[in-house]
$ cat data-v9.txt   # compact mmCIF, C-alpha atoms and all ligand atoms
# COMPACT_ATOMS: atom_id res chain seq x y z
CA MET K 81 -130.96 -94.82 36.15
CA THR K 82 -130.77 -95.41 32.43
CA ASP K 83 -127.70 -95.30 30.27
CA PRO K 84 -128.34 -92.27 28.00
CA ARG K 85 -126.68 -94.02 25.06
CA THR K 86 -128.29 -97.45 25.21
CA GLY K 87 -131.45 -96.90 27.20
CA ARG K 88 -130.46 -99.87 29.36
CA ARG K 89 -131.15 -99.61 33.05
CA LEU K 90 -127.94 -99.53 35.02
CA ARG K 91 -128.94 -99.59 38.61
CA THR K 92 -128.91 -103.37 38.95
CA ALA K 93 -125.24 -103.37 37.96
CA THR K 94 -124.29 -101.04 40.77
CA VAL K 95 -125.82 -102.55 43.89
CA VAL K 96 -123.74 -101.79 46.94
CA ALA K 97 -122.82 -104.59 49.29
CA VAL K 98 -123.08 -104.09 53.01
CA ALA K 99 -121.43 -106.41 55.48
CA GLY K 100 -120.95 -105.75 59.14
CA GLY K 101 -121.82 -102.12 58.64
CA THR K 102 -118.97 -101.61 56.18
CA LEU K 103 -120.01 -100.46 52.78
CA ALA K 104 -118.15 -101.78 49.77
CA LEU K 105 -118.59 -100.48 46.25
CA LEU K 106 -118.81 -102.58 43.15
CA PRO K 107 -117.41 -101.18 39.89
CA LEU K 108 -118.75 -97.96 38.38
CA THR K 109 -121.55 -97.94 35.89
CA GLY K 110 -119.77 -95.77 33.38
CA ALA K 111 -123.17 -94.25 32.70
CA PHE K 112 -121.61 -90.94 31.79
CA ALA K 113 -118.19 -92.11 30.70
CA GLY K 114 -116.78 -90.08 27.87
CA GLY K 115 -118.77 -86.99 28.72
CA GLY K 116 -121.78 -85.59 26.97
CA GLY K 117 -125.35 -86.64 27.50
CA SER K 118 -127.64 -85.63 30.29
CA ALA K 119 -126.35 -85.03 33.78
CA HIS K 120 -129.59 -86.31 35.20
CA GLY K 121 -130.21 -89.91 36.09
CA GLY K 122 -133.87 -89.74 36.96
CA GLY K 123 -136.51 -92.41 36.59
CA GLY K 124 -136.44 -95.97 37.81
CA HIS K 125 -137.44 -97.46 41.11
CA GLY K 126 -135.65 -99.02 43.99
CA GLY K 127 -132.52 -96.89 44.30
CA GLY K 128 -129.53 -98.18 46.16
CA HIS K 129 -131.53 -99.44 49.08
CA ALA K 130 -131.26 -103.18 49.47
CA ASP K 131 -134.96 -103.81 50.08
CA GLY K 132 -135.92 -101.83 46.99
CA HIS K 133 -137.52 -99.12 49.07
CA PRO K 134 -135.80 -95.83 48.24
CA ARG K 135 -134.79 -93.47 50.99
CA SER K 136 -133.26 -90.04 50.96
CA VAL K 137 -131.05 -87.95 53.23
CA ILE K 138 -130.99 -84.20 53.80
CA PHE K 139 -127.77 -83.38 55.66
CA ILE K 140 -127.68 -79.80 56.95
CA THR K 141 -124.55 -78.30 58.45
CA GLY K 142 -123.99 -74.95 60.03
CA ASP K 143 -120.26 -74.73 59.45
CA GLY K 144 -118.66 -73.90 62.79
CA MET K 145 -121.96 -74.27 64.63
CA GLY K 146 -121.56 -75.32 68.25
CA ALA K 147 -124.15 -75.54 71.00
CA ALA K 148 -123.63 -71.87 71.93
CA HIS K 149 -124.36 -70.69 68.38
CA ARG K 150 -127.60 -72.66 68.42
CA GLU K 151 -128.59 -71.38 71.83
CA ALA K 152 -127.75 -67.75 70.99
CA ALA K 153 -129.92 -68.11 67.91
CA ARG K 154 -132.78 -69.48 69.99
CA LEU K 155 -132.64 -66.53 72.40
CA ASP K 156 -132.33 -64.08 69.50
CA GLN K 157 -135.08 -65.53 67.31
CA VAL K 158 -137.72 -67.10 69.54
CA GLY K 159 -136.81 -66.32 73.16
CA PHE K 160 -137.04 -68.29 76.38
CA ASP K 161 -140.12 -70.34 75.53
CA GLY K 162 -139.52 -70.75 71.83
CA GLN K 163 -137.89 -73.46 69.78
CA LEU K 164 -135.89 -73.24 66.57
CA ALA K 165 -136.76 -75.59 63.72
CA MET K 166 -133.35 -77.23 64.13
CA ASP K 167 -134.02 -77.85 67.83
CA SER K 168 -137.51 -79.25 67.24
CA LEU K 169 -136.24 -82.50 65.72
CA PRO K 170 -137.08 -85.43 68.02
CA ILE K 171 -133.60 -86.99 68.18
CA ALA K 172 -130.47 -85.36 69.61
CA GLY K 173 -126.89 -86.46 70.15
CA LEU K 174 -123.38 -85.09 70.47
CA GLN K 175 -120.45 -85.76 68.18
CA THR K 176 -116.73 -85.39 68.78
CA THR K 177 -114.82 -83.79 65.92
CA ASP K 178 -111.06 -84.26 66.43
CA ALA K 179 -108.97 -84.69 63.28
CA ARG K 180 -106.01 -87.03 62.61
CA ASP K 181 -103.55 -84.32 61.76
CA PRO K 182 -99.76 -84.48 62.23
CA GLU K 183 -99.85 -81.15 64.07
CA ASP K 184 -103.36 -80.10 64.99
CA THR K 185 -105.80 -81.63 67.45
CA VAL K 186 -108.76 -79.49 66.43
CA THR K 187 -110.37 -80.23 63.07
CA ASP K 188 -110.87 -77.99 60.06
CA SER K 189 -113.89 -78.23 57.79
CA ALA K 190 -112.10 -80.46 55.30
CA ALA K 191 -111.21 -83.20 57.77
CA GLY K 192 -114.58 -82.82 59.49
CA ALA K 193 -116.59 -83.24 56.30
CA SER K 194 -114.28 -86.05 55.15
CA ALA K 195 -115.18 -87.95 58.34
CA TRP K 196 -118.88 -87.54 57.51
CA ALA K 197 -118.44 -88.35 53.83
CA THR K 198 -116.14 -91.38 54.15
CA GLY K 199 -116.27 -92.63 57.74
CA VAL K 200 -112.50 -92.11 58.01
CA LYS K 201 -110.62 -89.58 60.16
CA THR K 202 -107.92 -87.70 58.28
CA TYR K 203 -105.65 -84.65 58.31
CA ASN K 204 -106.73 -81.01 58.12
CA GLY K 205 -107.03 -79.83 54.53
CA ALA K 206 -107.78 -83.33 53.23
CA ILE K 207 -110.77 -83.72 50.93
CA SER K 208 -111.82 -87.35 51.42
CA VAL K 209 -108.31 -88.76 51.21
CA ASP K 210 -106.79 -90.74 54.07
CA VAL K 211 -103.75 -89.75 56.14
CA ASP K 212 -101.53 -91.13 53.34
CA GLY K 213 -103.33 -89.07 50.71
CA GLU K 214 -105.17 -92.04 49.21
CA PRO K 215 -108.67 -91.26 47.89
CA LEU K 216 -111.64 -92.74 49.76
CA PRO K 217 -115.11 -93.48 48.38
CA THR K 218 -117.46 -90.64 49.33
CA VAL K 219 -121.19 -90.57 49.98
CA GLY K 220 -121.71 -88.35 46.92
CA GLN K 221 -119.83 -90.76 44.65
CA GLN K 222 -121.65 -93.78 46.09
CA VAL K 223 -124.97 -92.01 45.53
CA GLU K 224 -124.09 -91.46 41.88
CA ASP K 225 -122.92 -95.05 41.42
CA ALA K 226 -126.11 -96.42 42.96
CA GLY K 227 -128.37 -94.38 40.70
CA LEU K 228 -129.59 -91.92 43.30
CA ALA K 229 -129.50 -88.16 42.84
CA GLY K 230 -127.04 -85.87 44.62
CA GLY K 231 -127.20 -82.20 45.53
CA ILE K 232 -125.15 -79.36 47.00
CA VAL K 233 -126.60 -76.17 48.49
CA THR K 234 -124.23 -73.79 50.27
CA THR K 235 -123.51 -70.12 50.87
CA ALA K 236 -119.80 -70.96 50.52
CA GLN K 237 -118.09 -71.77 47.23
CA VAL K 238 -119.80 -74.92 45.97
CA THR K 239 -116.29 -76.39 45.85
CA ASP K 240 -115.37 -75.36 49.41
CA ALA K 241 -114.26 -78.01 51.88
CA SER K 242 -117.60 -79.28 53.18
CA PRO K 243 -119.39 -79.95 49.88
CA ALA K 244 -116.09 -80.98 48.26
CA ALA K 245 -115.51 -83.78 50.76
CA PHE K 246 -118.90 -85.31 49.94
CA PHE K 247 -118.42 -85.20 46.15
CA ALA K 248 -114.66 -85.23 45.39
CA ASN K 249 -111.18 -86.33 46.50
CA SER K 250 -108.16 -84.06 46.86
CA THR K 251 -105.04 -83.92 48.97
CA ASP K 252 -105.53 -80.13 49.08
CA ARG K 253 -108.76 -78.32 49.85
CA ALA K 254 -107.47 -75.26 47.96
CA ALA K 255 -107.65 -77.06 44.58
CA GLN K 256 -111.21 -75.91 44.03
CA ASP K 257 -111.12 -75.85 40.22
CA ASP K 258 -110.01 -79.47 40.19
CA ILE K 259 -112.79 -80.26 42.64
CA ALA K 260 -115.28 -78.62 40.25
CA ARG K 261 -113.88 -80.73 37.42
CA GLN K 262 -114.45 -83.87 39.52
CA TYR K 263 -118.08 -82.84 40.06
CA LEU K 264 -118.55 -82.86 36.29
CA GLU K 265 -116.52 -85.98 35.56
CA ARG K 266 -117.17 -88.21 38.53
CA SER K 267 -119.87 -87.46 41.10
CA ARG K 268 -122.22 -85.44 38.85
CA PRO K 269 -124.56 -83.99 41.49
CA GLU K 270 -127.87 -83.03 39.85
CA VAL K 271 -128.06 -79.77 41.83
CA VAL K 272 -125.12 -77.46 42.63
CA LEU K 273 -126.13 -74.11 44.13
CA GLY K 274 -123.97 -71.57 45.95
CA GLY K 275 -120.96 -69.34 45.38
CA GLY K 276 -117.53 -69.79 43.85
CA GLU K 277 -117.90 -68.75 40.20
CA ASP K 278 -114.20 -67.77 40.21
CA TRP K 279 -113.23 -71.46 40.25
CA TRP K 280 -115.36 -72.39 37.22
CA LEU K 281 -114.07 -69.75 34.78
CA PRO K 282 -110.51 -69.20 33.52
CA ALA K 283 -108.52 -66.04 34.22
CA GLY K 284 -109.79 -63.14 32.16
CA ASP K 285 -113.35 -64.49 31.93
CA GLU K 286 -115.10 -62.81 34.83
CA GLY K 287 -118.56 -64.16 34.06
CA THR K 288 -121.54 -62.62 35.82
CA HIS K 289 -119.76 -61.48 38.95
CA PRO K 290 -117.04 -58.82 38.42
CA PRO K 291 -113.87 -58.75 40.54
CA ARG K 292 -113.81 -56.57 43.64
CA THR K 293 -111.27 -54.22 42.14
CA GLY K 294 -111.04 -52.04 45.23
CA ASP K 295 -110.13 -55.00 47.43
CA THR K 296 -106.40 -55.67 47.12
CA GLU K 297 -106.46 -58.42 49.77
CA ASP K 298 -109.22 -60.44 48.09
CA PRO K 299 -109.93 -59.15 44.56
CA GLU K 300 -112.08 -62.19 43.66
CA VAL K 301 -110.85 -62.84 40.10
CA SER K 302 -111.61 -65.91 37.99
CA ARG K 303 -108.90 -68.53 38.30
CA SER K 304 -109.91 -71.91 36.88
CA THR K 305 -106.92 -73.81 35.50
CA GLN K 306 -109.35 -76.42 34.14
CA GLY K 307 -110.84 -74.25 31.39
CA ASP K 308 -114.43 -73.03 31.21
CA LEU K 309 -116.18 -75.46 33.52
CA VAL K 310 -119.49 -73.60 33.23
CA ALA K 311 -119.53 -74.31 29.50
CA ARG K 312 -118.62 -77.92 30.19
CA ALA K 313 -121.48 -78.22 32.66
CA GLN K 314 -123.90 -76.78 30.12
CA ALA K 315 -122.64 -79.23 27.50
CA GLN K 316 -123.37 -82.04 29.95
CA GLY K 317 -126.95 -80.93 30.36
CA TYR K 318 -126.89 -78.60 33.32
CA GLU K 319 -128.89 -75.39 33.24
CA TYR K 320 -126.62 -72.58 34.44
CA VAL K 321 -128.00 -69.66 36.45
CA SER K 322 -126.05 -66.89 38.18
CA THR K 323 -128.59 -64.29 39.31
CA ALA K 324 -131.70 -64.31 41.49
CA GLU K 325 -133.82 -63.65 38.39
CA GLU K 326 -132.37 -66.58 36.47
CA PHE K 327 -132.72 -68.77 39.55
CA ALA K 328 -136.40 -67.89 39.90
CA ALA K 329 -136.97 -68.91 36.27
CA ALA K 330 -134.89 -72.11 36.39
CA GLY K 331 -136.40 -75.36 35.16
CA SER K 332 -136.58 -78.66 36.96
CA GLY K 333 -133.61 -80.41 35.34
CA PRO K 334 -129.97 -80.59 36.45
CA LEU K 335 -129.02 -77.19 37.78
CA LEU K 336 -125.75 -75.32 38.37
CA GLY K 337 -126.15 -71.96 40.12
CA LEU K 338 -123.17 -69.78 41.06
CA PHE K 339 -124.36 -66.58 42.69
CA ALA K 340 -121.07 -65.04 43.84
CA ASN K 341 -117.37 -65.08 42.99
CA GLU K 342 -116.47 -66.71 46.30
CA GLU K 343 -118.70 -66.88 49.43
CA MET K 344 -122.21 -65.43 49.05
CA PHE K 345 -121.34 -62.91 51.79
CA GLN K 346 -118.36 -60.87 53.01
CA GLN K 347 -116.80 -62.09 56.23
CA ARG K 348 -115.24 -59.24 58.19
CA PRO K 349 -115.37 -57.86 61.71
CA GLU K 350 -118.30 -55.60 62.50
CA GLY K 351 -118.30 -52.38 60.50
CA GLN K 352 -115.31 -53.34 58.34
CA GLY K 353 -117.15 -54.30 55.18
CA ASP K 354 -119.04 -57.26 56.61
CA GLU K 355 -122.08 -58.23 54.54
CA PHE K 356 -124.66 -60.96 54.85
CA ASP K 357 -127.32 -60.58 52.17
CA PRO K 358 -127.04 -63.61 49.84
CA ALA K 359 -128.42 -63.09 46.31
CA VAL K 360 -130.56 -66.19 46.81
CA SER K 361 -131.45 -67.38 50.31
CA LEU K 362 -130.31 -70.72 51.66
CA ALA K 363 -133.99 -71.61 52.20
CA ASP K 364 -134.89 -70.85 48.56
CA MET K 365 -131.91 -72.84 47.28
CA THR K 366 -132.98 -75.74 49.50
CA THR K 367 -136.56 -75.58 48.18
CA LYS K 368 -135.32 -75.64 44.60
CA ALA K 369 -132.89 -78.47 45.26
CA LEU K 370 -135.64 -80.60 46.79
CA ASP K 371 -137.91 -79.89 43.79
CA VAL K 372 -135.25 -81.21 41.42
CA LEU K 373 -133.88 -84.08 43.49
CA SER K 374 -137.26 -85.48 44.54
CA GLN K 375 -137.98 -86.32 40.91
CA ASP K 376 -135.49 -89.17 41.18
CA GLU K 377 -137.54 -92.10 42.38
CA ASP K 378 -134.38 -93.86 43.52
CA GLY K 379 -133.88 -91.31 46.33
CA PHE K 380 -131.29 -88.62 46.87
CA PHE K 381 -128.60 -87.18 49.12
CA LEU K 382 -128.64 -83.40 49.63
CA LEU K 383 -125.98 -81.45 51.50
CA VAL K 384 -127.08 -78.02 52.76
CA GLU K 385 -124.50 -75.74 54.35
CA GLU K 386 -124.66 -72.28 55.92
CA GLU K 387 -121.02 -71.27 55.75
CA ALA K 388 -121.39 -67.82 57.29
CA VAL K 389 -121.79 -69.24 60.80
CA ASP K 390 -118.13 -70.27 60.67
CA GLU K 391 -116.77 -67.36 58.64
CA MET K 392 -118.44 -64.69 60.77
CA ALA K 393 -117.36 -66.51 63.94
CA HIS K 394 -113.77 -66.41 62.66
CA ASN K 395 -114.24 -62.66 62.72
CA ASP K 396 -115.90 -62.77 66.16
CA ASN K 397 -118.85 -61.06 64.49
CA GLY K 398 -121.81 -61.91 66.71
CA THR K 399 -124.33 -59.82 64.81
CA ARG K 400 -123.62 -61.59 61.52
CA VAL K 401 -123.45 -65.02 63.18
CA LEU K 402 -127.00 -64.47 64.39
CA GLU K 403 -128.07 -63.46 60.86
CA ALA K 404 -126.43 -66.59 59.46
CA MET K 405 -128.24 -68.67 62.06
CA ARG K 406 -131.57 -67.20 60.88
CA SER K 407 -130.69 -68.17 57.34
CA LEU K 408 -129.80 -71.68 58.43
CA ASP K 409 -132.90 -72.26 60.53
CA ALA K 410 -135.12 -71.07 57.67
CA ALA K 411 -133.53 -73.75 55.50
CA VAL K 412 -134.12 -76.33 58.24
CA ALA K 413 -137.80 -75.32 58.27
CA VAL K 414 -137.97 -76.00 54.52
CA ALA K 415 -136.40 -79.41 55.06
CA ARG K 416 -138.76 -80.25 57.93
CA ALA K 417 -141.77 -79.43 55.77
CA TYR K 418 -140.39 -81.72 53.06
CA VAL K 419 -139.79 -84.56 55.51
CA ALA K 420 -143.34 -84.20 56.84
CA GLU K 421 -144.55 -85.02 53.31
CA HIS K 422 -141.80 -87.57 52.59
CA PRO K 423 -141.25 -89.64 55.76
CA ASP K 424 -138.68 -91.90 54.07
CA THR K 425 -136.19 -89.05 54.40
CA LEU K 426 -133.54 -88.76 57.11
CA LEU K 427 -132.94 -85.16 58.14
CA VAL K 428 -129.74 -84.36 60.07
CA VAL K 429 -128.80 -80.89 61.39
CA THR K 430 -125.36 -80.41 62.88
CA GLY K 431 -122.05 -78.53 62.74
CA ASP K 432 -118.64 -79.83 61.69
CA HIS K 433 -116.85 -78.14 64.60
CA GLU K 434 -117.27 -75.13 66.84
CA THR K 435 -115.78 -71.78 65.83
CA GLY K 436 -114.89 -68.93 68.15
CA GLY K 437 -115.04 -70.57 71.57
CA LEU K 438 -118.37 -68.84 71.94
CA ALA K 439 -120.06 -68.29 75.29
CA ILE K 440 -123.42 -66.73 76.12
CA GLU K 441 -123.14 -64.37 79.09
CA ASP K 442 -125.14 -61.84 81.01
CA VAL K 443 -124.28 -58.28 80.09
CA ASP K 444 -121.78 -57.28 82.78
CA PRO K 445 -119.64 -54.12 82.69
CA GLU K 446 -117.12 -55.77 85.05
CA ASP K 447 -116.57 -58.75 82.74
CA GLU K 448 -113.80 -58.64 80.17
CA SER K 449 -114.52 -56.22 77.37
CA GLY K 450 -117.73 -54.99 78.93
CA PRO K 451 -121.26 -54.30 77.75
CA GLY K 452 -121.67 -53.54 74.09
CA GLY K 453 -118.06 -54.59 73.86
CA THR K 454 -116.62 -54.71 70.45
CA LEU K 455 -119.30 -53.50 68.07
CA ASP K 456 -117.02 -50.46 67.84
CA PRO K 457 -114.13 -51.62 65.62
CA SER K 458 -112.04 -48.59 66.63
CA ILE K 459 -111.39 -50.25 70.01
CA ALA K 460 -107.89 -51.72 69.72
CA GLY K 461 -108.08 -55.49 69.46
CA GLY K 462 -111.75 -55.16 70.17
CA THR K 463 -113.05 -57.35 67.40
CA GLU K 464 -110.78 -60.26 68.25
CA SER K 465 -111.49 -62.52 71.19
CA GLY K 466 -113.84 -59.85 72.37
CA GLU K 467 -117.44 -59.51 73.32
CA ASP K 468 -120.48 -58.60 71.26
CA GLY K 469 -123.86 -57.26 72.25
CA PRO K 470 -126.02 -56.67 74.07
CA PHE K 471 -128.56 -58.66 72.08
CA ALA K 472 -132.22 -58.71 73.10
CA VAL K 473 -133.91 -61.93 74.15
CA ALA K 474 -136.90 -62.17 71.80
CA GLY K 475 -140.29 -61.72 73.39
CA THR K 476 -139.09 -60.14 76.61
CA GLY K 477 -139.87 -56.55 75.62
CA GLY K 478 -136.31 -55.49 76.26
CA ALA K 479 -136.28 -56.82 79.82
CA HIS K 480 -133.64 -59.45 79.04
CA ASP K 481 -130.52 -59.37 76.95
CA PHE K 482 -127.28 -61.31 76.56
CA ALA K 483 -123.70 -60.86 75.43
CA LEU K 484 -121.67 -63.10 73.12
CA ASP K 485 -118.12 -63.64 74.38
CA TRP K 486 -115.44 -65.08 72.09
CA THR K 487 -112.30 -66.84 73.30
CA THR K 488 -110.62 -67.28 69.91
CA THR K 489 -110.90 -66.50 66.21
CA ALA K 490 -110.18 -70.17 65.43
CA HIS K 491 -112.00 -73.49 65.66
CA THR K 492 -112.37 -75.31 68.99
CA GLY K 493 -112.65 -78.98 69.91
CA VAL K 494 -115.89 -78.98 71.86
CA PRO K 495 -118.45 -81.54 70.67
CA THR K 496 -121.25 -80.33 68.41
CA VAL K 497 -124.97 -81.00 68.65
CA VAL K 498 -126.66 -83.37 66.20
CA THR K 499 -130.44 -83.27 65.81
CA ALA K 500 -132.32 -85.59 63.48
CA GLU K 501 -135.61 -87.12 62.41
CA GLY K 502 -136.67 -89.83 60.03
CA PRO K 503 -135.32 -93.29 59.19
CA GLY K 504 -132.05 -94.07 60.98
CA SER K 505 -132.31 -91.07 63.28
CA GLU K 506 -132.70 -93.32 66.32
CA ASP K 507 -129.06 -94.33 65.79
CA LEU K 508 -127.99 -90.71 66.32
CA THR K 509 -128.71 -90.59 70.04
CA GLY K 510 -125.67 -90.71 72.33
CA TYR K 511 -122.12 -89.42 72.20
CA TYR K 512 -120.04 -90.59 69.26
CA PRO K 513 -117.27 -89.65 66.83
CA ASN K 514 -118.22 -87.68 63.69
CA THR K 515 -117.47 -90.77 61.57
CA HIS K 516 -120.63 -92.35 63.03
CA LEU K 517 -122.74 -90.06 60.85
CA TYR K 518 -121.26 -91.73 57.78
CA ASP K 519 -122.40 -95.13 59.05
CA VAL K 520 -125.93 -93.90 59.67
CA VAL K 521 -126.29 -91.97 56.41
CA THR K 522 -124.99 -94.81 54.25
CA SER K 523 -127.10 -97.43 56.00
CA VAL K 524 -130.19 -95.30 55.37
CA LEU K 525 -129.33 -94.78 51.69
CA PHE K 526 -127.89 -98.20 50.86
CA GLY K 527 -128.35 -100.52 53.85
ZN ZN D 1 -113.59 -72.28 59.88

$ encode --input "data-v9.txt" --output "structure tokens" --more "lines below"
Ligand SMILES: [Zn+2]
Amino acid sequence: MTDPRTGRRLRTATVVAVAGGTLALLPLTGAFAGGGGSAHGGGGHGGGHADGHPRSVIFITGDGMGAAHREAARLDQVGFDGQLAMDSLPIAGLQTTDARDPEDTVTDSAAGASAWATGVKTYNGAISVDVDGEPLPTVGQQVEDAGLAGGIVTTAQVTDASPAAFFANSTDRAAQDDIARQYLERSRPEVVLGGGEDWWLPAGDEGTHPPRTGDTEDPEVSRSTQGDLVARAQAQGYEYVSTAEEFAAAGSGPLLGLFANEEMFQQRPEGQGDEFDPAVSLADMTTKALDVLSQDEDGFFLLVEEEAVDEMAHNDNGTRVLEAMRSLDAAVAVARAYVAEHPDTLLVVTGDHETGGLAIEDVDPEDESGPGGTLDPSIAGGTESGEDGPFAVAGTGGAHDFALDWTTTAHTGVPTVVTAEGPGSEDLTGYYPNTHLYDVVTSVLFG
């Protein structure tokens, strides 16, 4: 990375020290201190990796994706003898996800992603701060300091808990406008693609995506208390896009894309306004992010998240969960193709926790809410802790089907599956706490 004001290379001033597996940061470069200038580091060789051989990480999370979500998706998409892209990775392990919360045992996405991003367990709602509220160094900040590129791709708000924990610190996950401000002032990811325009524009400036005026519960109005952060991003050198057309025409420099006011979908029970048709697909956003990030010869860290797995599972909406899983696996296929061409890249596919207490069952009229179950929202209580289906097993010509049975509309504490390939992936076999992923990711990037 080169200081845009002096032209002096900065990377050598920001080497990270690793001792006993613990990563310590030396002082910041100040490469972008004072604002202005390009958001893009680019150029240079060697990255943060100690042997001068740059490596990259693509970290893909299906928010709320447990083993049952993956298996339901396999049956739905490829059938008994098929294999999803996410299941075709050569390494598999299981991670435990419990938080360190004063009240809860089961994690939320903020504490879960904080464990990945900092290696430290914390309370629910925390964005990479410890149990005392003290900020912790995050992978996204360390990437910036070491001269690598960083990227966010999500169907949630780009400032939602999972991406936020990798690139910001906050005692409150709800402070999304402040998290956006930190992206611009501190972690400066070169690619930010997803939803959440409402948090980048002040009240009264509705930008590209108008409020949902008919929706009194969730009107989706702009609410940044940090001013016009889109304009600030543009002043820092980001190209801003907010429609599929603009996205398709985007250049190869630093890129901010906000394609929805909040999530890029509408999470509701079946038939109650649920929508899953993102303006730009997760796979296309992933392709674009890799195009931009791979220009940095120092390596990169890219977070890819399909948020609808969790949000639709909170609504016990099996049909939409399966659609979200298709979206996610298509993005994994993009990442696998990239890794095939760039073997110095670690690819991880996992979920931060399980949502819904999901089980896969035979269709049985005697069992609980019965066959077909709750696709009819007029059944009292039917869409909560109910049963969805039947869904066909692909390739069986209708001979086999399955039901999805939910035990809760909340998160659960079952371990989640981790699959991986590339450098460091061999350390992801076994059964370990979610903080272990931090150790592996940082040793690949900086070790
Ligand atoms: Zn959730």

$ atom_distance --input "data-v9.txt" --atom1 "CA of Leu164 in chain K" --atom2 "CA of Asp409 in chain K"
6.8 Å

$ closest_residue --input "data-v9.txt" --among "K:Glu446, K:Asp364, K:Asp424, K:Asp285" --to "Leu408 in chain K" --atoms "all atoms listed in the file"
K:Asp364

$ residues_near_ligand --input "data-v9.txt" --ligand "ligand ZN 1 (chain D)" --cutoff "10 Å" --atoms "all atoms listed in the file" --output "list in words"
Asp143, Gly144, Met145, Thr187, Asp188, Ser189, Ala190, Ala241, Glu387, Ala388, Val389, Asp390, Glu391, Met392, Ala393, His394, Asp432, His433, Glu434, Thr435, Gly436, Thr489, Ala490, His491 and Thr492 of chain K

$ write_last_selection --input "data-v9.txt" --atoms "C-alpha atoms" --output "mmCIF file, in the coordinates of the input"
data_model
loop_
_atom_site.group_PDB
_atom_site.id
_atom_site.type_symbol
_atom_site.label_atom_id
_atom_site.label_comp_id
_atom_site.auth_asym_id
_atom_site.auth_seq_id
_atom_site.Cartn_x
_atom_site.Cartn_y
_atom_site.Cartn_z
ATOM 1 C CA ASP K 143 -120.260 -74.730 59.450
ATOM 2 C CA GLY K 144 -118.660 -73.900 62.790
ATOM 3 C CA MET K 145 -121.960 -74.270 64.630
ATOM 4 C CA THR K 187 -110.370 -80.230 63.070
ATOM 5 C CA ASP K 188 -110.870 -77.990 60.060
ATOM 6 C CA SER K 189 -113.890 -78.230 57.790
ATOM 7 C CA ALA K 190 -112.100 -80.460 55.300
ATOM 8 C CA ALA K 241 -114.260 -78.010 51.880
ATOM 9 C CA GLU K 387 -121.020 -71.270 55.750
ATOM 10 C CA ALA K 388 -121.390 -67.820 57.290
ATOM 11 C CA VAL K 389 -121.790 -69.240 60.800
ATOM 12 C CA ASP K 390 -118.130 -70.270 60.670
ATOM 13 C CA GLU K 391 -116.770 -67.360 58.640
ATOM 14 C CA MET K 392 -118.440 -64.690 60.770
ATOM 15 C CA ALA K 393 -117.360 -66.510 63.940
ATOM 16 C CA HIS K 394 -113.770 -66.410 62.660
ATOM 17 C CA ASP K 432 -118.640 -79.830 61.690
ATOM 18 C CA HIS K 433 -116.850 -78.140 64.600
ATOM 19 C CA GLU K 434 -117.270 -75.130 66.840
ATOM 20 C CA THR K 435 -115.780 -71.780 65.830
ATOM 21 C CA GLY K 436 -114.890 -68.930 68.150
ATOM 22 C CA THR K 489 -110.900 -66.500 66.210
ATOM 23 C CA ALA K 490 -110.180 -70.170 65.430
ATOM 24 C CA HIS K 491 -112.000 -73.490 65.660
ATOM 25 C CA THR K 492 -112.370 -75.310 68.990
#

$ residues_around --input "data-v9.txt" --residues "range 322-325 of chain K" --least-positions-apart "3" --cutoff "6 Å" --atoms "all atoms listed in the file" --output "list in words"
Ala328, Gly337, Leu338, Phe339, Ala359 and Val360 of chain K

$ atom_distance --input "data-v9.txt" --atom1 "CA of Lys368 in chain K" --atom2 "CA of Val272 in chain K"
10.5 Å

$ residues_around --input "data-v9.txt" --residues "Asp485 in chain K" --least-positions-apart "3" --cutoff "9 Å" --atoms "only C-alpha atoms" --output "number ranges by chain"
K: 396, 398, 436-441, 448-449, 465-469

$ residues_around --input "data-v9.txt" --residues "Ser242 in chain K" --least-positions-apart "3" --cutoff "10 Å" --atoms "all atoms listed in the file" --output "list of chain:residue names"
K:Thr141, K:Asp143, K:Asp188, K:Ser189, K:Ala190, K:Ala191, K:Gly192, K:Ala193, K:Ser194, K:Trp196, K:Ala197, K:Ile207, K:Ile232, K:Thr234, K:Ala236, K:Gln237, K:Val238, K:Thr239, K:Ala245, K:Phe246, K:Phe247, K:Arg253, K:Leu383, K:Val384, K:Glu385, K:Glu387, K:Asp432

$ residues_around --input "data-v9.txt" --residues "range 513-522 of chain K" --least-positions-apart "5" --cutoff "9 Å" --atoms "only C-alpha atoms" --output "list in words"
Gly101, Thr102, Leu103, Val137, Phe139, Leu174, Gln175, Thr176, Thr177, Asp178, Gly192, Ala193, Ser194, Ala195, Trp196, Ala197, Thr198, Gly199, Val200, Lys201, Val219, Gln222, Leu426, Asp432, Gly504, Ser505, Asp507, Leu508 and Gly527 of chain K

$ closest_residue --input "data-v9.txt" --among "K:Ala483, K:Ala413, K:Asp278, K:Asp258" --to "Asp447 in chain K" --atoms "all atoms listed in the file"
K:Ala483

$ atom_distance --input "data-v9.txt" --atom1 "CA of Ala147 in chain K" --atom2 "CA of His480 in chain K"
20.3 Å

$ residues_around --input "data-v9.txt" --residues "Gly379 in chain K" --least-positions-apart "2" --cutoff "6 Å" --atoms "only C-alpha atoms" --output "JSON, numbers by chain"
{"K": [134, 135, 136, 228, 376, 377]}

$ closest_residue --input "data-v9.txt" --among "K:Ala363, K:Val498, K:Leu382, K:Ala415" --to "Tyr512 in chain K" --atoms "only C-alpha atoms"
K:Val498
